[in-house]
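Participant: Below you will find the structure I want to go over with you.
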Amino acid sequence: MSVCSIEVVAVCFRLKMASFCVRAVRRSYSRVALPAFIRAYPRLLCTATQQKNGNVSDGAEKPEQSAAETLLLEEKSQLEDQLKDMTEKYKRALADTENLRTRTQKMIEDAKLYGIQGFCKDLVEVADILEKATESVPKEEVTTQNPHLKNLFDGLVMTEVQIQKVFIKHGLVKLNPDGEKFDPYEHEALFHAPVDGKEPGTVAMVTKVGYKLHGRTLRPALVGVAKAPLK
């Protein structure tokens with residue numbers, strides 16, 4: 001038998017098997033489909049009845065839907081309240097942080113400005129001594145006939161002038177309020193007495209000058225205050 005004959009026989013065999021399978025499937029379907037339809041028929045009837053009575057079913061489902069919507073609305077309201085509360089807390093935290101940053105920055109600036117406050121208090125005492133030294137020298141003695149005293153006096157004066165320049169450079173200003181209105185924040189009254197030619201409430205005498213560091217009183221001036229004469 002040739003190869004072609006064998007292939008023809010194989011094709012015919014496959015065709016017969018295919019036809020047999022088709023017939024078998026048709027018979028099986030007819031046997032299975034009919035009982036399935038019979039079993040499904042009551043359900044189809046129930047479905048038709050439910051569709052006919054749809055108003056009743058819808059009315060029964062509405063309470064369930066209303067309850068679900070109510071629950072969702074309540075949850076939404078709770079979430080909105082939580083969001084509002086968290087937003088307020090966040091804003092307060094931002095405000096507190098900004099206030100803390102501002103205070104910290106102010107403290108840093110004050111530390112830079114007034115960090116030398118203790119040192120300045122000691123230096124103004126030296127300036128007081130220089131001022132007293134120059135005031136104690138009799139001006140008539142400072143002449144070319146007394147060169148040693150003149151040179152010493154000139155050196156003291158130049159030192160006093162230079163130290164005042166350094167004070168001003170670093171924000172330290174001398175307070176000599178003679179004739180000014182008495183200010184309790186800048187002056188310290190040692191006594192009150194009637195003084196001719198001075199208005200009451202003004203500084204009549206300065207016994208010790210004061211100093212201010214960057215606008216802040218470092219040392220108040222010690223003064224005597226004029227008052228109205230007794231009648």
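Identifiers in the structure tokens: chain A, B, ... in order shown; residue index from 1 per chain; ligand index from 1 in order shown.
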Could you write out, as an MDAnalysis selection string, all the residues of stretch 43-202 of chain A that DSSP marks as strand (DSSP E)?

Facilitator: chainID A and resid 172:175 187:193

Participant: Convert the current residue selection to file output with C-alpha atoms, as a compact mmCIF listing (two decimals), in the first residue's frame.

Facilitator:
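Final output, out.txt:
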# COMPACT_ATOMS: atom_id res chain seq x y z
CA LEU A 172 27.48 102.71 73.93
CA VAL A 173 26.32 106.31 74.42
CA LYS A 174 27.05 108.63 77.34
CA LEU A 175 24.15 110.22 79.23
CA HIS A 187 18.16 108.75 85.70
CA GLU A 188 18.49 107.87 89.36
CA ALA A 189 17.59 110.70 91.71
CA LEU A 190 19.91 111.09 94.68
CA PHE A 191 18.05 114.09 96.12
CA HIS A 192 15.34 116.65 95.42
CA ALA A 193 15.99 120.26 96.29

Participant: Using only C-alpha atoms, can you tell me which of A:Ile108, A:Val126, A:Glu69, A:Thr207 comes closest to A:Ile163?

Facilitator: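 Under the stated criterion, the closest residue is A:Val126.
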
Participant: So which residues touch A:Gly171 within 10 Å, counting only C-alpha atoms, skipping near sequence neighbours fewer than 4 positions away, as JSON, numbers by chain?

Facilitator: {"A": [113, 114, 165, 166, 167, 211, 212, 213, 214, 215, 216]}

Participant: Restricting the calculation to only C-alpha atoms: of A:Arg103, A:Lys121, A:Arg92, A:Lys112, which residue gets closest to A:Thr217?

Facilitator: A:Lys121

Participant: Just checking: using only C-alpha atoms, which residue out of A:Ile116, A:Val203, A:Val225, A:Val195 ends up closest to A:His170?

Facilitator: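 For A:His170, the nearest of the candidates is A:Ile116.
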
Participant: Please, what distance in Å, to one decimal, runs between atom CA of A:Val206 and atom CA of A:Leu222?

Facilitator: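 Computing the Euclidean distance for atom CA of A:Val206 and atom CA of A:Leu222 yields 6.1 Å.
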
Participant: Mind the document's chain letters and residue numbers, and return as a ChimeraX atom specification the residues of stretch 39-184 of chain A that DSSP labels alpha helix (DSSP H).

Facilitator: /A:39-52,54-114,117-136,147-169

Participant: For a quick check of understanding, using only C-alpha atoms, which of A:Ala127, A:Ala111, A:Ala67, A:Met205 has the smallest distance to A:Gly224?

Facilitator: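 Between A:Ala127, A:Ala111, A:Ala67, A:Met205, the residue approaching A:Gly224 most closely is A:Met205.
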
Participant: In Å, how far is it from atom CA of A:Leu130 to atom CA of A:Ala226?

Facilitator: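 Taking atom CA of A:Leu130 as the start and atom CA of A:Ala226 as the end point, the length is 28.4 Å.
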
Participant: Distance atom CA of A:Glu180-atom CA of A:Lys132, one decimal place?

Facilitator: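 Atom CA of A:Lys132 lies 22.6 Å from atom CA of A:Glu180.
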